[in-house]
$ cat my_file-v1.txt   # compact mmCIF, C-alpha atoms
# COMPACT_ATOMS: atom_id res chain seq x y z
CA MET A 541 -46.96 -89.87 4.09
CA LYS A 542 -44.12 -89.63 1.63
CA LYS A 543 -45.56 -86.42 0.16
CA ILE A 544 -45.67 -84.82 3.59
CA SER A 545 -42.11 -85.83 4.25
CA VAL A 546 -40.87 -84.46 0.94
CA ALA A 547 -42.69 -81.16 1.44
CA PHE A 548 -41.32 -80.88 4.89
CA ILE A 549 -37.82 -81.49 3.65
CA LEU A 550 -38.19 -78.83 0.90
CA LEU A 551 -39.51 -76.29 3.38
CA CYS A 552 -36.59 -76.90 5.73
CA ALA A 553 -34.15 -76.53 2.86
CA LEU A 554 -35.73 -73.22 1.80
CA LEU A 555 -35.63 -71.85 5.30
CA CYS A 556 -32.02 -72.86 5.67
CA GLY A 557 -31.16 -71.10 2.39
CA CYS A 558 -32.70 -67.79 3.47
CA SER A 559 -30.84 -67.72 6.71
CA SER A 560 -27.59 -68.96 5.24
CA ASP A 561 -24.64 -66.57 5.27
CA SER A 562 -23.99 -67.32 1.61
CA GLY A 563 -27.16 -65.69 0.24
CA GLU A 564 -27.90 -62.19 -1.10
CA ILE A 565 -28.36 -59.44 1.54
CA VAL A 566 -30.63 -56.43 1.22
CA LEU A 567 -29.68 -53.38 3.31
CA ARG A 568 -31.97 -50.43 3.87
CA GLY A 569 -30.20 -47.05 3.79
CA ASP A 570 -30.63 -43.29 3.48
CA ILE A 571 -29.63 -41.25 0.47
CA GLN A 572 -27.35 -38.38 1.45
CA ASN A 573 -25.40 -35.63 -0.31
CA GLY A 574 -21.79 -34.83 0.32
CA SER A 575 -21.41 -31.20 1.37
CA VAL A 576 -18.90 -28.38 1.20
CA SER A 577 -18.84 -25.28 3.38
CA ALA A 578 -18.65 -21.76 2.00
CA VAL A 579 -16.11 -20.17 4.36
CA SER A 580 -15.26 -16.47 4.70
CA THR A 581 -11.58 -15.52 4.39
CA VAL A 582 -12.23 -11.93 5.49
CA ALA A 583 -13.93 -10.38 8.49
CA GLY A 584 -16.81 -7.93 8.28
CA ARG A 585 -20.55 -7.37 8.14
CA ILE A 586 -22.71 -9.32 5.70
CA VAL A 587 -24.62 -6.87 3.49
CA GLU A 588 -26.27 -9.33 1.11
CA MET A 589 -27.15 -13.04 0.86
CA PRO A 590 -28.74 -13.58 -2.58
CA LYS A 591 -29.24 -17.36 -2.21
CA ALA A 592 -31.77 -18.83 0.24
CA GLN A 593 -31.64 -22.17 2.00
CA GLY A 594 -32.86 -24.96 -0.28
CA GLU A 595 -32.03 -22.95 -3.41
CA ARG A 596 -29.91 -24.54 -6.14
CA VAL A 597 -26.54 -22.96 -6.98
CA VAL A 598 -23.84 -23.58 -9.55
CA LYS A 599 -20.12 -23.26 -8.98
CA GLY A 600 -19.17 -19.56 -8.78
CA ASP A 601 -22.58 -18.25 -7.70
CA VAL A 602 -22.36 -15.54 -5.02
CA ILE A 603 -23.75 -16.82 -1.73
CA ALA A 604 -22.94 -13.85 0.50
CA VAL A 605 -21.42 -10.36 0.17
CA ILE A 606 -19.38 -8.78 2.96
CA ASP A 607 -18.99 -4.99 3.27
CA SER A 608 -15.94 -4.14 1.12
CA THR A 609 -15.60 -0.38 1.72
CA ALA A 610 -12.32 -0.65 3.63
CA GLN A 611 -10.88 -3.13 1.11
CA LYS A 612 -11.72 -0.78 -1.79
CA TYR A 613 -9.89 2.08 -0.06
CA ALA A 614 -6.89 -0.21 0.51
CA VAL A 615 -6.78 -1.18 -3.18
CA ASP A 616 -7.02 2.45 -4.34
CA GLN A 617 -4.31 3.57 -1.94
CA GLN A 618 -1.94 0.77 -2.87
CA GLN A 619 -2.60 1.31 -6.58
CA ALA A 620 -1.48 4.93 -6.16
CA VAL A 621 1.73 3.74 -4.47
CA VAL A 622 2.44 1.30 -7.31
CA ASP A 623 1.81 3.98 -9.97
CA MET A 624 4.15 6.41 -8.20
CA LYS A 625 6.97 3.84 -7.87
CA ARG A 626 6.53 2.67 -11.46
CA ALA A 627 6.87 6.28 -12.65
CA LYS A 628 9.98 6.70 -10.51
CA LEU A 629 11.47 3.52 -12.00
CA ASP A 630 10.78 4.75 -15.53
CA GLU A 631 12.47 8.02 -14.63
CA LEU A 632 15.53 6.18 -13.32
CA LYS A 633 15.77 4.08 -16.46
CA SER A 634 15.42 7.08 -18.79
CA GLY A 635 18.09 9.09 -16.90
CA ALA A 636 18.15 12.70 -15.75
CA ARG A 637 16.22 15.29 -17.74
CA PRO A 638 18.14 18.24 -19.26
CA GLU A 639 16.44 20.69 -16.87
CA GLN A 640 17.61 18.62 -13.89
CA ILE A 641 21.20 18.79 -15.10
CA ASP A 642 20.84 22.53 -15.73
CA ALA A 643 19.53 22.99 -12.19
CA ALA A 644 22.45 20.97 -10.78
CA GLU A 645 24.95 23.05 -12.75
CA ALA A 646 23.32 26.25 -11.47
CA ALA A 647 23.56 24.92 -7.91
CA VAL A 648 27.29 24.27 -8.38
CA GLU A 649 27.82 27.78 -9.70
CA MET A 650 25.89 29.30 -6.82
CA ALA A 651 27.82 27.30 -4.22
CA GLU A 652 31.17 28.22 -5.81
CA ALA A 653 30.15 31.90 -5.96
CA LYS A 654 29.31 31.90 -2.27
CA LEU A 655 32.63 30.27 -1.41
CA ALA A 656 34.51 32.78 -3.54
CA GLN A 657 32.62 35.61 -1.90
CA LEU A 658 33.53 34.35 1.56
CA ARG A 659 37.18 33.95 0.65
CA SER A 660 37.60 37.22 -1.25
CA GLY A 661 35.74 38.18 -4.42
CA ASN A 662 32.79 40.46 -3.69
CA ARG A 663 33.92 40.88 -0.05
CA ARG A 664 36.84 43.05 -1.19
CA GLU A 665 34.35 45.21 -3.08
CA VAL A 666 32.15 45.44 0.01
CA ILE A 667 35.16 46.53 2.08
CA ARG A 668 36.11 49.11 -0.53
CA GLN A 669 32.59 50.50 -0.54
CA ALA A 670 32.52 50.56 3.26
CA ASP A 671 35.83 52.46 3.42
CA ALA A 672 34.53 54.93 0.87
CA ALA A 673 31.37 55.40 2.93
CA VAL A 674 33.47 56.07 6.05
CA LYS A 675 35.51 58.69 4.23
CA SER A 676 32.38 60.30 2.83
CA ALA A 677 30.66 60.38 6.22
CA LYS A 678 33.82 61.78 7.86
CA ALA A 679 34.09 64.45 5.19
CA LYS A 680 30.48 65.47 5.72
CA LEU A 681 30.96 65.63 9.45
CA ASP A 682 34.01 67.81 8.95
CA GLU A 683 32.12 69.98 6.51
CA ILE A 684 29.30 70.59 8.95
CA THR A 685 31.60 71.35 11.80
CA GLY A 686 33.81 73.72 9.75
CA GLY A 687 35.04 74.79 6.30
CA SER A 688 33.48 76.39 3.29
CA ARG A 689 29.75 75.73 3.15
CA ALA A 690 29.64 75.80 -0.69
CA GLN A 691 32.47 73.29 -0.92
CA GLN A 692 30.85 71.13 1.76
CA ILE A 693 27.52 71.16 -0.06
CA GLU A 694 29.22 70.23 -3.34
CA GLN A 695 31.06 67.32 -1.75
CA SER A 696 27.90 66.19 0.07
CA GLU A 697 25.91 66.19 -3.16
CA ALA A 698 28.61 64.07 -4.85
CA ALA A 699 28.47 61.62 -1.96
CA VAL A 700 24.69 61.40 -2.22
CA GLU A 701 24.92 60.69 -5.95
CA SER A 702 27.54 58.00 -5.33
CA LEU A 703 25.38 56.35 -2.69
CA GLN A 704 22.32 56.56 -4.95
CA ALA A 705 24.29 54.69 -7.61
CA SER A 706 25.25 52.10 -4.98
CA VAL A 707 21.60 51.67 -3.99
CA ARG A 708 20.54 51.13 -7.62
CA SER A 709 23.33 48.61 -8.09
CA GLY A 710 22.31 46.87 -4.85
CA GLU A 711 18.67 46.69 -5.94
CA LEU A 712 19.64 45.04 -9.22
CA ASN A 713 21.89 42.59 -7.38
CA LEU A 714 19.11 41.78 -4.89
CA THR A 715 16.62 41.19 -7.72
CA HIS A 716 19.09 38.80 -9.38
CA THR A 717 19.82 36.85 -6.18
CA ARG A 718 16.10 36.74 -5.29
CA ASP A 719 15.36 35.19 -8.71
CA LYS A 720 18.08 32.62 -8.07
CA TYR A 721 16.56 31.83 -4.68
CA GLU A 722 13.04 31.39 -6.12
CA GLN A 723 14.46 29.09 -8.78
CA ALA A 724 16.25 27.02 -6.13
CA LYS A 725 13.08 26.94 -4.01
CA GLN A 726 10.99 25.60 -6.92
CA LEU A 727 13.58 22.94 -7.70
CA PHE A 728 13.72 21.94 -4.03
CA GLU A 729 9.92 21.59 -3.86
CA LEU A 730 10.04 19.43 -7.00
CA GLY A 731 12.73 17.27 -5.42
CA GLU A 732 15.32 18.28 -8.02
CA ALA A 733 17.60 20.28 -5.70
CA SER A 734 18.90 19.64 -2.20
CA GLN A 735 18.11 21.67 0.89
CA SER A 736 21.76 22.75 0.97
CA ASN A 737 21.34 24.39 -2.45
CA LEU A 738 18.26 26.22 -1.19
CA LEU A 739 20.10 27.44 1.92
CA ASP A 740 23.04 28.64 -0.20
CA ALA A 741 20.72 30.62 -2.44
CA GLU A 742 18.99 32.09 0.59
CA SER A 743 22.34 33.07 2.13
CA VAL A 744 23.47 34.87 -1.05
CA MET A 745 20.11 36.65 -1.26
CA ASN A 746 20.34 37.72 2.41
CA SER A 747 23.88 39.03 1.88
CA ALA A 748 22.69 41.11 -1.09
CA SER A 749 19.77 42.38 0.98
CA GLN A 750 22.09 43.42 3.84
CA SER A 751 24.39 45.24 1.42
CA LEU A 752 21.42 47.09 -0.07
CA GLU A 753 20.05 48.05 3.34
CA SER A 754 23.50 49.30 4.33
CA ALA A 755 23.72 51.44 1.18
CA LYS A 756 20.20 52.78 1.76
CA SER A 757 21.06 53.63 5.36
CA GLN A 758 24.20 55.44 4.25
CA LEU A 759 22.27 57.29 1.56
CA LYS A 760 19.63 58.31 4.07
CA GLY A 761 22.29 59.67 6.42
CA ALA A 762 24.12 61.44 3.63
CA GLN A 763 20.87 62.97 2.34
CA ALA A 764 19.93 64.10 5.81
CA ALA A 765 23.38 65.61 6.28
CA LEU A 766 23.12 67.37 2.91
CA ASP A 767 19.71 68.77 3.80
CA LEU A 768 20.97 70.02 7.12
CA LEU A 769 24.05 71.44 5.47
CA ARG A 770 21.91 73.38 3.06
CA GLU A 771 19.80 74.61 5.92
CA GLY A 772 22.78 75.45 8.03
CA ALA A 773 24.85 73.62 10.63
CA SER A 774 22.32 73.19 13.37
CA PRO A 775 22.99 70.94 16.39
CA GLU A 776 20.62 68.42 14.85
CA ALA A 777 22.64 68.44 11.60
CA ILE A 778 25.85 67.87 13.48
CA ARG A 779 24.31 64.97 15.43
CA ALA A 780 22.96 63.44 12.21
CA ALA A 781 26.35 63.69 10.51
CA GLN A 782 28.04 62.23 13.57
CA GLY A 783 25.58 59.31 13.58
CA ALA A 784 26.09 58.64 9.88
CA TYR A 785 29.82 58.61 10.36
CA GLU A 786 29.66 56.18 13.29
CA GLN A 787 27.33 53.88 11.38
CA ALA A 788 29.69 53.88 8.36
CA VAL A 789 32.61 52.98 10.63
CA ALA A 790 30.62 50.08 12.16
CA GLN A 791 29.69 48.74 8.70
CA ALA A 792 33.31 48.90 7.60
CA ASP A 793 34.49 47.04 10.70
CA LEU A 794 31.90 44.32 10.07
CA ALA A 795 33.01 43.90 6.44
CA LYS A 796 36.70 43.74 7.39
CA ALA A 797 36.07 41.04 10.01
CA GLY A 798 35.58 38.59 7.11
CA ALA A 799 34.14 35.07 7.08
CA THR A 800 34.91 32.66 9.89
CA SER A 801 36.71 29.36 9.24
CA GLU A 802 33.48 27.50 10.01
CA GLU A 803 31.63 29.46 7.32
CA ILE A 804 34.34 28.73 4.77
CA ARG A 805 34.37 24.99 5.60
CA ALA A 806 30.57 24.85 5.32
CA ALA A 807 30.75 26.61 1.93
CA GLU A 808 33.42 24.17 0.73
CA ALA A 809 31.23 21.23 1.79
CA ALA A 810 28.27 22.73 -0.07
CA VAL A 811 30.38 23.03 -3.24
CA ALA A 812 31.47 19.38 -2.94
CA GLN A 813 27.89 18.23 -2.43
CA ALA A 814 26.60 20.22 -5.40
CA GLN A 815 29.39 18.84 -7.61
CA ALA A 816 28.60 15.28 -6.50
CA GLN A 817 24.90 15.74 -7.28
CA LEU A 818 25.78 17.08 -10.73
CA ALA A 819 28.11 14.14 -11.39
CA LEU A 820 25.38 11.69 -10.29
CA LEU A 821 22.81 13.21 -12.65
CA ALA A 822 25.25 13.45 -15.53
CA GLY A 823 26.39 9.84 -15.05
CA GLY A 824 22.84 8.44 -14.96
CA SER A 825 21.32 5.90 -12.58
CA THR A 826 23.40 2.89 -11.58
CA GLU A 827 22.28 -0.71 -12.09
CA GLN A 828 22.09 -1.10 -8.32
CA SER A 829 19.69 1.81 -7.90
CA ILE A 830 17.48 0.52 -10.72
CA ALA A 831 17.49 -3.01 -9.23
CA ALA A 832 16.60 -1.63 -5.80
CA MET A 833 13.70 0.36 -7.25
CA GLU A 834 12.49 -2.70 -9.20
CA ALA A 835 12.50 -4.77 -6.00
CA ASP A 836 10.63 -2.04 -4.15
CA LEU A 837 8.06 -1.88 -6.94
CA ALA A 838 7.63 -5.67 -6.92
CA GLN A 839 6.95 -5.60 -3.19
CA SER A 840 4.32 -2.90 -3.65
CA VAL A 841 2.70 -4.86 -6.50
CA ALA A 842 2.51 -7.92 -4.23
CA THR A 843 0.83 -5.82 -1.54
CA LEU A 844 -1.61 -4.51 -4.18
CA ASN A 845 -2.43 -8.06 -5.31
CA GLN A 846 -3.10 -9.06 -1.70
CA ALA A 847 -5.44 -6.07 -1.32
CA LYS A 848 -7.25 -7.04 -4.54
CA TYR A 849 -7.58 -10.63 -3.31
CA ASN A 850 -9.08 -9.40 -0.04
CA LEU A 851 -11.53 -7.28 -2.04
CA GLU A 852 -12.54 -10.24 -4.22
CA SER A 853 -12.89 -12.40 -1.09
CA CYS A 854 -15.71 -10.14 0.10
CA GLU A 855 -17.89 -12.16 -2.26
CA ILE A 856 -18.39 -15.66 -0.84
CA LYS A 857 -18.98 -18.02 -3.79
CA ALA A 858 -20.19 -21.58 -4.22
CA LEU A 859 -17.34 -24.03 -4.73
CA GLU A 860 -19.50 -26.75 -6.32
CA ASP A 861 -22.86 -27.26 -8.00
CA GLY A 862 -25.54 -28.21 -5.51
CA ILE A 863 -28.20 -27.06 -3.08
CA ILE A 864 -27.81 -24.80 -0.05
CA ILE A 865 -28.70 -27.13 2.81
CA SER A 866 -27.96 -24.72 5.67
CA ARG A 867 -27.22 -21.06 6.42
CA SER A 868 -25.34 -20.06 9.57
CA TYR A 869 -25.69 -16.27 9.17
CA ASN A 870 -28.11 -13.64 7.90
CA PRO A 871 -27.63 -10.16 6.35
CA GLY A 872 -26.40 -7.72 9.02
CA ASP A 873 -24.46 -10.36 10.95
CA VAL A 874 -20.72 -9.86 11.51
CA VAL A 875 -18.44 -12.75 10.59
CA ASN A 876 -14.80 -13.47 11.32
CA ILE A 877 -12.12 -15.05 9.18
CA GLY A 878 -12.88 -18.77 8.95
CA SER A 879 -16.62 -18.46 9.62
CA SER A 880 -18.74 -21.02 7.73
CA ILE A 881 -21.46 -19.05 5.96
CA SER A 882 -23.44 -21.87 4.31
CA ASP A 883 -23.23 -25.61 3.59
CA ILE A 884 -23.86 -26.82 0.04
CA GLY A 885 -25.04 -30.32 -0.76
CA ILE A 886 -22.97 -31.40 -3.76
CA ASP A 887 -24.84 -32.83 -6.78
CA SER A 888 -21.85 -34.90 -7.86
CA ASP A 889 -21.45 -36.52 -4.42
CA VAL A 890 -24.62 -38.56 -3.70
CA TYR A 891 -24.45 -41.83 -1.80
CA VAL A 892 -26.49 -44.32 0.20
CA LEU A 893 -25.48 -44.66 3.85
CA CYS A 894 -26.24 -48.10 5.31
CA TYR A 895 -24.97 -50.59 7.88
CA LEU A 896 -23.52 -53.99 6.93
CA PRO A 897 -23.29 -56.76 9.59
CA GLU A 898 -19.64 -57.33 10.27
CA GLN A 899 -19.77 -61.02 9.34
CA TYR A 900 -20.45 -59.98 5.71
CA LEU A 901 -17.45 -57.65 5.32
CA ASP A 902 -15.69 -60.28 3.20
CA ARG A 903 -18.27 -59.69 0.47
CA ILE A 904 -17.34 -56.09 -0.33
CA ALA A 905 -14.27 -54.02 -1.22
CA TYR A 906 -13.68 -50.45 -2.30
CA ASN A 907 -15.08 -49.60 -5.76
CA ASP A 908 -17.09 -52.81 -5.98
CA GLU A 909 -20.19 -52.39 -8.15
CA ILE A 910 -23.36 -52.75 -6.10
CA GLU A 911 -27.02 -52.79 -7.16
CA VAL A 912 -29.10 -50.01 -5.59
CA LYS A 913 -32.90 -49.75 -5.74
CA THR A 914 -34.62 -46.38 -5.32
CA THR A 915 -38.06 -45.00 -6.03
CA LEU A 916 -36.75 -44.18 -9.51
CA GLY A 917 -35.68 -47.76 -10.20
CA SER A 918 -32.46 -49.73 -10.02
CA GLN A 919 -28.96 -48.50 -10.83
CA THR A 920 -25.40 -49.62 -10.29
CA GLY A 921 -23.42 -47.87 -7.57
CA HIS A 922 -19.98 -48.54 -6.13
CA ILE A 923 -18.55 -48.86 -2.64
CA SER A 924 -16.94 -45.50 -1.77
CA TYR A 925 -16.45 -45.80 1.99
CA ILE A 926 -16.03 -48.59 4.57
CA ASP A 927 -15.73 -47.58 8.22
CA LEU A 928 -12.81 -48.95 10.22
CA LYS A 929 -14.83 -49.58 13.38
CA THR A 930 -17.96 -51.54 14.17
CA GLU A 931 -21.08 -50.33 15.92
CA TYR A 932 -24.64 -51.40 16.63
CA THR A 933 -27.18 -50.77 13.90
CA PRO A 934 -29.20 -47.58 14.60
CA LYS A 935 -32.74 -48.42 15.78
CA ASP A 936 -34.42 -46.96 12.73
CA LYS A 937 -32.35 -49.27 10.53
CA GLN A 938 -32.73 -52.47 12.61
CA SER A 939 -34.71 -55.51 11.63
CA SER A 940 -36.17 -57.93 14.15
CA ASN A 941 -33.15 -60.22 14.03
CA ASP A 942 -30.19 -57.78 14.17
CA THR A 943 -30.83 -55.74 17.33
CA LYS A 944 -27.69 -57.08 18.91
CA SER A 945 -25.67 -57.48 15.76
CA LYS A 946 -22.54 -55.35 15.26
CA THR A 947 -22.34 -53.56 11.94
CA VAL A 948 -19.97 -51.50 9.82
CA LYS A 949 -21.02 -48.20 8.24
CA ILE A 950 -20.62 -48.18 4.46
CA LYS A 951 -21.36 -45.69 1.67
CA VAL A 952 -22.43 -46.63 -1.83
CA ALA A 953 -21.94 -43.83 -4.38
CA ILE A 954 -24.82 -43.45 -6.83
CA ASP A 955 -25.94 -41.16 -9.62
CA SER A 956 -28.34 -38.43 -8.48
CA ASN A 957 -30.39 -38.84 -11.67
CA GLY A 958 -30.23 -35.14 -12.46
CA GLY A 959 -30.67 -34.10 -8.83
CA LYS A 960 -33.87 -36.11 -8.36
CA LEU A 961 -32.24 -38.35 -5.76
CA LYS A 962 -31.36 -36.27 -2.73
CA SER A 963 -30.90 -36.31 1.02
CA GLY A 964 -33.83 -37.71 3.01
CA MET A 965 -34.87 -40.35 0.49
CA THR A 966 -34.39 -44.08 1.16
CA ALA A 967 -32.85 -46.83 -0.93
CA GLU A 968 -32.06 -50.54 -0.82
CA VAL A 969 -28.51 -51.77 -1.28
CA ILE A 970 -28.16 -55.33 -2.58
CA ILE A 971 -25.07 -57.09 -1.24
CA PRO A 972 -24.42 -59.99 -3.60
CA ALA A 973 -24.31 -63.57 -2.48
CA LEU A 974 -20.96 -64.98 -1.53
CA GLY A 975 -19.08 -66.28 -4.53
CA ARG A 976 -20.88 -64.13 -7.11
$ encode --input "my_file-v1.txt" --output "C-alpha cells"
Amino acid sequence: MKKISVAFILLCALLCGCSSDSGEIVLRGDIQNGSVSAVSTVAGRIVEMPKAQGERVVKGDVIAVIDSTAQKYAVDQQQAVVDMKRAKLDELKSGARPEQIDAAEAAVEMAEAKLAQLRSGNRREVIRQADAAVKSAKAKLDEITGGSRAQQIEQSEAAVESLQASVRSGELNLTHTRDKYEQAKQLFELGEASQSNLLDAESVMNSASQSLESAKSQLKGAQAALDLLREGASPEAIRAAQGAYEQAVAQADLAKAGATSEEIRAAEAAVAQAQAQLALLAGGSTEQSIAAMEADLAQSVATLNQAKYNLESCEIKALEDGIIISRSYNPGDVVNIGSSISDIGIDSDVYVLCYLPEQYLDRIAYNDEIEVKTTLGSQTGHISYIDLKTEYTPKDKQSSNDTKSKTVKIKVAIDSNGGKLKSGMTAEVIIPALGR
C-alpha cells in the first residue's frame, strides 16, 4: 500500500513538472530566408534574364537586362558635348591664336577703309573719274554732231584707251576686294570673325563691282561711239553717243551725292566693334569667362555621368548572395521605374519563424542564444525579432493544448550550414527553463 502511494506521488510530481511554467519549452517553426528585391531604376523592355527561378546567384550577378539603345545614344551625344566644351575651355586658357589676332587686325583695317571711303578717300577718286567720263562722253557727242572727224576719232580713241585702263584697274581692285571677302567669309564660318566684318567686306566688294561695271559701261559706250564715228555720224551713232553722255552724267550725280549720315554712323560702329574684338583677343580671356566655361563644363560632365548611370542601370544585378525565389517578369515584358524584377533569398539571413505563448515572453530577449534542432543537428541561434503584438497560433503550428492560447511571433537567426538549411524546412526551437 505504501509502494502504491509513493508511486502515485512520484507520478503526480512528474506530471506537475511537465506542465509547470518553469520548465523548458520546445517550439516547432519553419526555416525561412530573408529576401531582397532586385528593382529596376529605369524603364524599358527586358531583353534578357540570364538567371532562372531557383538558381543561385552571387552579389553582382546580372539578373535582367533592359534595352539600352536609347541610353547609349544619350551617352554618346553628351560625351560629344563634353569634349566640345573641354576643347573650348582649353582654347580660352591658352589664349587667342596668332591667326585669330591677324584676322581681327584685318577686320579693323577693312572697317576703317570703308569708313574712310564713305567720308572721302576713294569717293573723291570716283567723283573725279565720273567727271572725266562726263567730259569724255560730252566731247564724243559734240564730235559726232560736228567738228573735224579726224580730230573726233583721235579724241574718241584716247577716251577708249583711258576707259580701258580704268576697267583693268577696276578688275584688279575687284579681285583684291573679293579675296578679302572670301577671307572674311571663311573666318566667319570658323567663328573667328563677326557677321559685321563679313558684311563690311561684302559692302566693299560690291562697291568695287559697281565701279567696275560703271567703267565697263562707259567703255562700251565710248567704243560704240568710236565705231560709229569711224563709220560716219549716222542717227544711230548720235543716239548712242547721246545715251553714253546721259549715263555718264547719271553716274557722276550718284557719286557726288555721297554717303548718308546713317551709312557713316553704321561704318563708325563697325570700326568700334572690330577694334573691341581685336582688343579682346589681344588681351586674352578673363578669369570670369574661364570660370563660366568651367562651370558650364562641370554641368555637362554631371549630365554625362547621369547618362552613364542610366546606361549601367539597364543591367539589374543581385544585391546579395542567395537564391532567386521569385520572378515577376519575363524577357519581352516592359517594366517601369521601381518595378521589382526578382526576389532573392539571402544566404546570410536565415532564421526560424515560430510562435511563443505570451506567458513565456519573460524568458527571452533580443540576441539571446537559443538552441535550435534541425535535420542537420543542433546549433546555437539568437533571437533576432520579437513581434510587438500577440496573435493566435496558426493551425499548422498548434498543439492540442494551445488552440486558444495567444502567442507572439519570434525569429531565431541561425547559420544556413552552407546553404543546406533553406526555406520550407522545419526546426525546433528550445526555449530554456526559467532561471537558466
$ closest_residue --input "my_file-v1.txt" --among "A:Asn850, A:Asn957, A:Ser888, A:Ser751" --to "A:Tyr613" --atoms "only C-alpha atoms"
A:Asn850
$ closest_residue --input "my_file-v1.txt" --among "A:Asn907, A:Gln619, A:Ser734, A:Ser866" --to "A:Ile923" --atoms "all atoms listed in the file"
A:Asn907
$ closest_residue --input "my_file-v1.txt" --among "A:Ala792, A:Leu752, A:Ala814, A:Ala905" --to "A:Arg668" --atoms "all atoms listed in the file"
A:Ala792
$ residues_around --input "my_file-v1.txt" --residues "A:Ala842" --least-positions-apart "4" --cutoff "12 Å" --atoms "all atoms listed in the file" --output "ChimeraX atom specification"
/A:615,618-619,621-622,835-838,846-849
$ residues_around --input "my_file-v1.txt" --residues "A:Gln763" --least-positions-apart "6" --cutoff "12 Å" --atoms "only C-alpha atoms" --output "list in words"
Ser676, Ala677, Lys680, Ile693, Gln695, Ser696, Glu697, Ala698, Ala699, Val700, Glu701, Ser702, Leu703, Gln704, Ala755, Lys756, Ser757, Leu769, Arg770, Ala777, Ala780, Ala781 and Ala784 of chain A
